Structure formats: C-alpha cells, structure tokens
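Undergrad: Sharing a structure with you now.
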There are 4 protein chains.
Amino acid sequence: MKEYTTYERKIYYYETDQMKIVHHSNYIRWFEEARIDFMKQMGLPYDEIEKRGILIPVLEASCRYKKAFRYGETFMIRIRLRKFKGVKFSISYEVYNRETGELHATGSSEHGFVDRNLRPVHLKRDYPDIYECFAAAVSDENEAE
Amino acid sequence: MKEYTTYERKIYYYETDQMKIVHHSNYIRWFEEARIDFMKQMGLPYDEIEKRGILIPVLEASCRYKKAFRYGETFMIRIRLRKFKGVKFSISYEVYNRETGELHATGSSEHGFVDRNLRPVHLKRDYPDIYECFAAAVSDENEAE
Amino acid sequence: MKEYTTYERKIYYYETDQMKIVHHSNYIRWFEEARIDFMKQMGLPYDEIEKRGILIPVLEASCRYKKAFRYGETFMIRIRLRKFKGVKFSISYEVYNRETGELHATGSSEHGFVDRNLRPVHLKRDYPDIYECFAAAVSDENEAE
Amino acid sequence: MKEYTTYERKIYYYETDQMKIVHHSNYIRWFEEARIDFMKQMGLPYDEIEKRGILIPVLEASCRYKKAFRYGETFMIRIRLRKFKGVKFSISYEVYNRETGELHATGSSEHGFVDRNLRPVHLKRDYPDIYECFAAAVSDENEAE
C-alpha cells in the first residue's frame, strides 16, 4: 500500500480579508493545490494529463469551516480518493493547522474526465494507464481505512 | 411580500483558467457578491453591519457545477434565504446564463453572526433590528414558494 | 470625437485584506476590467477578438497607490489610450472614489497583439478593421487633451 | 555579508487564464510572497511586525512581462532591497523559470511604514530594531553588487 504525503504551505497575505482571517474561497483553491499534488504522487502529473488531451473539471465542491485560519499559520491537507467509477471520482479533504494539529475544515470534491471540448472521455478504453492509476489509488485508500 | 432583484454581471477575463472556462473557485466569490447584494435589498448593507461590530463568517459553502461558463457570458444569480434561527442562516443559489436562461450551477452557504473576536453574538437581544430584517426576509421567502 | 464612459463598480468583500483595505493586486485586475469595457466602447468586444485568433497579452503593468480603498466604496476608472503603433499600445488609468471624486491611484499598461501561439500578428495587413479602431481611438484621445 | 535564498514555487492551476498562460496579476502576488519570505530572512517575520502595530502597505508596484509562464513550470524570484530611507523602501524583483534559468519578468515595488490607522510611523525612534534590520539589509545588498 502506497503512502501519500500530506500537502502543506504557509498562508499568503493576499489570502486574508478584512475579518483578519483567510477568505473562505481560498480553501477551494487549496483543495486544487492538494489534489494536484496527490495526483502527482499517484503518478499522474496534471500538466502531462492535459497535454494528452484530458481535462478534469470540478463537478461539485464543498467546504465546512470549523475554525478560521489566520495569517502566519501553515495549513496541512490530508486527502483521500473516495470513489472512482471510470467516469468520475470523489475526493475528501481534511485541513489542519500544522502547528497545533487542530482540524480547521473538511471538504469534498467530485470530478469527471473530459476532452478539450468538454465531452466525456472513455478512460478505460482510451487511456488505460490513467485508469489503472486511479483504480490502484482508490484501492490503496480503502485498505488504508 | 417583498420582491428581490437577481444579481448579475459579466464574467471577467481573469476569472477564466486554461480550460477556457471560469475557474470553479470564482462561483464561491460570486455567491458572496450576490449575498451582499441581497442583504442590501433586505435593508442590511454589509459595510454598516460590520461597522456596528458584527461579522458574518461562512460556516459552509458548496457548489454543484452543471455547465461551464465561458468568457463573454453574463451570469445571473437567484438567491433564497432558506433558514434563519437567530444564530445562523442558510442561503441557496441558482446560477443562470442570462442570455440563454440555462441553469449552470446551484449552491448553498451557511453563516453565523459573531463579534470582532469571532465570538457568537446574541442577535435578538443585542441587535433586534437586524434580527427583524432576517426574520421578515425568511418569511417573505417562505410565502414566495 | 467619441465620448467614452468611465468604468465603475462597488468593491467586493473578497478584495479586502487584513489591513482592512483593498489588496493592491486587485487594481491590476480592475485595470483589465476597465480596459475591456473601453475596448467594447471602441467597437472591439474582447471575446470576439479572441475568437478571431488574436490575443492581447500584457507587456507591462504598473500602479501607484495614493490612497487606500475600503470596503463599501465604489471605484471609478478613467482610461486613456496613450499610444498605438500597430504592434503595441499603451493605456493610462486614473482610479477615483466615485463618492468623493478623490484620486486614489494611477496606473499604466502596455500590450501587444499576438496569435494563439503567442507570435506577433501583423494587425494592419491581417486585421485592418481592428487596426482602424485603434487608430481612430488614439486620435480621439489626442484631440481630447 | 548575509546570503539570501531565492523564493520559488510551482505555478498553481488557478493562476492560469484562457490564454493558457499565468494571468499577469499573479506576478504582483508572487512579489508579495517573495518579499515576505525575504523579510523573514532579514529577521522580520511579517506577522510579528503587524502584531506590533506596523503595517507595510504598497505605494507602487510594477512588472514588465518578457516571457509567459505556463502551467507545470516553477518560478524563482531573486529579490533586492534597493533603497531604505527610514520611512520608505524599494524592492526589485527578477522572475526566472527555475528549470531553464530564463528571465521571464522583472518588477519593482515601493513601501511605507504606517500604524493601524494608516498614519506614518517614526521607525528609527519607535522601532529601532526594525530600523536596524532594514539598514543592515540594504547595506548587504549594496556590497553584493
């Protein structure tokens, strides 16, 4: 079973708003950063996937905010591939404060595989290597629990 | 029963990404734009609320993306105040293409009322006028359905 | 001589940072909003230009911040086409507070015309109608001063 | 003479636009990331400076774009403290592609020191330790050239 490292970085000043906390829209962007990092660990660098003609748009995204992040803090995201059905996959996110270990937010996203004209692609038939990467990663995740 | 106008604007170029569609994180920002416009129509300009010491952070946000927006298009958001319990409220969003009338996305958000130190405020006791605005708006909405 | 209307809108909450002012990077985005609005008034809707295969990247951008904008305020941008040489053009921006009329910032940008592979295009030969729009607008501007 | 490390990171997907390059406004944000990293190396973590009541707003920012960045690339910023006069300082930026070493952009910014009400502070008298850090860093830089 493969081990995945968590994704972390310091908060940027421009991510704060006048409540003196991180603006909530940025968590959706952090999920993307963490997801792309995770896919790279799966063996699927996103820039190479796009070069082969596959786009992976977001079908759904959500976040529950439990505790605000403040400037000066570092977030850490633990990611899990929840489902993979060949045409779609789901991911869950846990966002921690790296210093305190406290859980600040949870979230999820759902994604599809499409071509450059945003039409669904038949992953198993046309891109079997990518299909296998996802199938392996989702089974790793299930073992992990 | 009060009539609320929808919120609309053209898409900005900087909201697109290299899929040649609007980046999904922007919808969460559009919800904020529409929500603040809606609250103004309720009689609650957000800048004045903050000046009185009340912040309204986001507790949860989600979006389901049905059809991508492209540069050159205008979005239109129809908003509804779903619930109001004195300490929290929920809003739902429908995002349409103004030209075609087609529904491109739906979403929701949940919010609380806190003071500048992010501690819950007792709205009914300490800010009865704001409490009444929300209570009236949620009942308008229920009649509307 | 053609009259151009100024570009204005309310500040969005997500544009503030924890200094409780608009984050400086947003002015560069406002310049883009105003520029695209100005080009539309020139008869050159940017989405249609891109559909014809021309991109107009930014070669230089700058902003001088004189007075901060705060949430609740409305900015107004006065734009001028400064130079047009067939391969490049320059624009200047004045950013006012609409309520007070006070000048909050000034800026400039320089742009080129390229094809989808980011190679320069010969505007006068290949897109004479676009060339003429720019030539007319720059002469309007010079008369205006 | 102190050695400063350069600032680098991978480009985020959400930083691209539909020209399939990084949107130009992001460079202004990168400058902020690099500047804050640089100040930390100077011994001045920005979050601690703000806790002491000093804000460092941007008075001017500019960027010249020589070559576009594409998704999948890593930028690297070399920063220099150009001037420090006690009330203001200037910084210059060189933005390289880490893989190729090619210079993609140059920029500059100017900053002042103010209190929470955006009024200038007398750094040398009221915050001599911060004054000394800047004075030392600017002299390091001058020796370096």
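Naming works like this for the structure tokens: A, B, ... for the chains as they're shown, residue 1 at the start of each chain, ligands 1 onward in shown order.
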Counting only C-alpha atoms, give me one row per residue of chain C with an atom at most 10 Å from an atom of chain B, showing the shortest contact pair and its distance in Å to one decimal, sorted by chain then residue number, as CSV.
TA:
```
residue,atom,partner,partner_atom,distance
C:Lys10,CA,B:Glu33,CA,9.9
C:Ile11,CA,B:Glu33,CA,9.6
C:Tyr12,CA,B:Glu33,CA,6.6
C:Tyr13,CA,B:Glu33,CA,7.7
C:Tyr14,CA,B:Arg29,CA,7.1
C:Glu15,CA,B:Arg29,CA,9.9
C:Arg29,CA,B:Tyr14,CA,7.1
C:Trp30,CA,B:Tyr12,CA,9.5
C:Glu32,CA,B:Tyr13,CA,7.8
C:Glu33,CA,B:Tyr12,CA,6.6
C:Ile36,CA,B:Tyr13,CA,8.7
C:Pro45,CA,B:Gly72,CA,8.6
C:Tyr46,CA,B:Gly72,CA,7.9
C:Asp47,CA,B:Gly72,CA,5.5
C:Glu48,CA,B:Gly72,CA,8.4
C:Arg70,CA,B:Asp47,CA,9.5
C:Tyr71,CA,B:Asp47,CA,6.7
C:Gly72,CA,B:Asp47,CA,5.5
C:Glu73,CA,B:Asp47,CA,9.2
```
Undergrad: Can you tell me, as a list in words, what residues are no more than 8 Å from Thr74 in chain C when counting only C-alpha atoms, ignoring any on the same chain fewer than 3 positions away?
TA: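 The contact residues come out as Glu8, Arg9, Lys10, Ile11, Asn97, Arg98 and Glu99 of chain C.
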Undergrad: For Asn117 in chain C, find every residue with an atom within 10 Å (counting only C-alpha atoms), except residues of its own chain fewer than 3 positions away, and show them as a PDB file with N, CA, C and O atoms, in the first residue's frame.
TA:
```
ATOM      1  N   GLY C  53      -8.802  34.886 -33.256  1.00  0.00           N
ATOM      2  CA  GLY C  53      -7.440  34.363 -33.162  1.00  0.00           C
ATOM      3  C   GLY C  53      -6.397  35.337 -32.644  1.00  0.00           C
ATOM      4  O   GLY C  53      -5.206  35.049 -32.657  1.00  0.00           O
ATOM      5  N   ILE C  54      -6.853  36.497 -32.171  1.00  0.00           N
ATOM      6  CA  ILE C  54      -5.905  37.483 -31.637  1.00  0.00           C
ATOM      7  C   ILE C  54      -5.965  37.510 -30.117  1.00  0.00           C
ATOM      8  O   ILE C  54      -7.041  37.637 -29.534  1.00  0.00           O
ATOM      9  N   LEU C  55      -4.816  37.414 -29.492  1.00  0.00           N
ATOM     10  CA  LEU C  55      -4.712  37.598 -28.046  1.00  0.00           C
ATOM     11  C   LEU C  55      -3.980  38.917 -27.800  1.00  0.00           C
ATOM     12  O   LEU C  55      -3.152  39.338 -28.615  1.00  0.00           O
ATOM     13  N   VAL C 114      -0.928  39.274 -30.444  1.00  0.00           N
ATOM     14  CA  VAL C 114      -0.279  38.008 -30.830  1.00  0.00           C
ATOM     15  C   VAL C 114      -1.333  36.987 -31.271  1.00  0.00           C
ATOM     16  O   VAL C 114      -2.532  37.177 -31.014  1.00  0.00           O
ATOM     17  N   PRO C 120       3.705  37.463 -32.664  1.00  0.00           N
ATOM     18  CA  PRO C 120       3.147  38.756 -33.074  1.00  0.00           C
ATOM     19  C   PRO C 120       2.320  38.640 -34.350  1.00  0.00           C
ATOM     20  O   PRO C 120       2.669  37.874 -35.248  1.00  0.00           O
TER      21      PRO C 120
ATOM     22  N   MET D  19      -5.725  32.341 -21.991  1.00  0.00           N
ATOM     23  CA  MET D  19      -4.598  32.404 -22.946  1.00  0.00           C
ATOM     24  C   MET D  19      -3.655  31.215 -22.739  1.00  0.00           C
ATOM     25  O   MET D  19      -2.654  31.112 -23.432  1.00  0.00           O
ATOM     26  N   LYS D  20      -3.939  30.399 -21.715  1.00  0.00           N
ATOM     27  CA  LYS D  20      -3.122  29.248 -21.338  1.00  0.00           C
ATOM     28  C   LYS D  20      -1.753  29.672 -20.802  1.00  0.00           C
ATOM     29  O   LYS D  20      -0.761  28.957 -20.926  1.00  0.00           O
TER      30      LYS D  20
END
```
Undergrad: Leaving out Val58 in chain C and any residue of its chain fewer than 5 positions from it, which residues lie within 12 Å of it when counting only C-alpha atoms, given as JSON, numbers by chain?
TA: {"C": [28, 29, 31, 32, 35, 88, 89, 90, 91, 108, 109, 110, 111, 112, 113, 114, 118], "D": [19, 21, 22, 23, 24, 25, 27, 62, 63, 64, 65, 66, 67, 68, 105]}
Undergrad: What's the 9 Å shell around Leu123 in chain B, counting only C-alpha atoms, without same-chain residues fewer than 5 positions away, as a PyMOL selection string?
TA: chain B and resi 86-87+113+128-131
Undergrad: Go ahead and write the selection's residues with N, CA and C atoms as a short mmCIF file (atom, residue, chain, number, x, y, z; two decimals), in the first residue's frame.
TA:
```cif
data_model
loop_
_atom_site.label_atom_id
_atom_site.label_comp_id
_atom_site.auth_asym_id
_atom_site.auth_seq_id
_atom_site.Cartn_x
_atom_site.Cartn_y
_atom_site.Cartn_z
N GLY B 86 -31.78 32.75 14.28
CA GLY B 86 -31.31 33.68 15.30
C GLY B 86 -29.81 33.65 15.46
N VAL B 87 -29.19 32.47 15.32
CA VAL B 87 -27.73 32.41 15.40
C VAL B 87 -27.09 32.05 14.07
N PHE B 113 -23.42 34.68 13.10
CA PHE B 113 -23.20 36.08 13.50
C PHE B 113 -22.20 36.10 14.66
N PRO B 128 -31.73 43.86 17.77
CA PRO B 128 -33.09 43.43 17.39
C PRO B 128 -33.50 43.89 16.00
N ASP B 129 -33.00 45.03 15.52
CA ASP B 129 -33.37 45.49 14.18
C ASP B 129 -32.84 44.55 13.10
N ILE B 130 -31.62 44.04 13.31
CA ILE B 130 -31.05 43.10 12.33
C ILE B 130 -31.82 41.78 12.40
N TYR B 131 -32.11 41.37 13.62
CA TYR B 131 -32.90 40.14 13.81
C TYR B 131 -34.22 40.24 13.04
#
```
Undergrad: Return the single residue from D:Ala34, D:Phe84, D:His104, D:Ile77 that is closest to Leu59 in chain C, with distances computed using only C-alpha atoms.
TA: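 Of D:Ala34, D:Phe84, D:His104, D:Ile77, the one nearest Leu59 in chain C, counting only C-alpha atoms, is D:His104.
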Undergrad: CA of Lys124 in chain B and CA of Arg80 in chain B are how many Å apart?
TA: 21.5 Å
Undergrad: What gap, in Å, lies between CA of Ile49 in chain C and CA of Asp17 in chain B?
TA: 17.9 Å
Undergrad: Could you go through range 9-135 of chain B and tell me which residues DSSP, when run on the backbone, assigns to strand (DSSP E), listing them as JSON, numbers by chain?
TA: {"B": [9, 10, 58, 59, 60, 61, 62, 63, 64, 65, 74, 75, 76, 77, 78, 79, 80, 81, 82, 83, 84, 88, 89, 90, 91, 92, 93, 94, 95, 96, 97, 103, 104, 105, 106, 107, 108, 109, 110, 111, 112]}
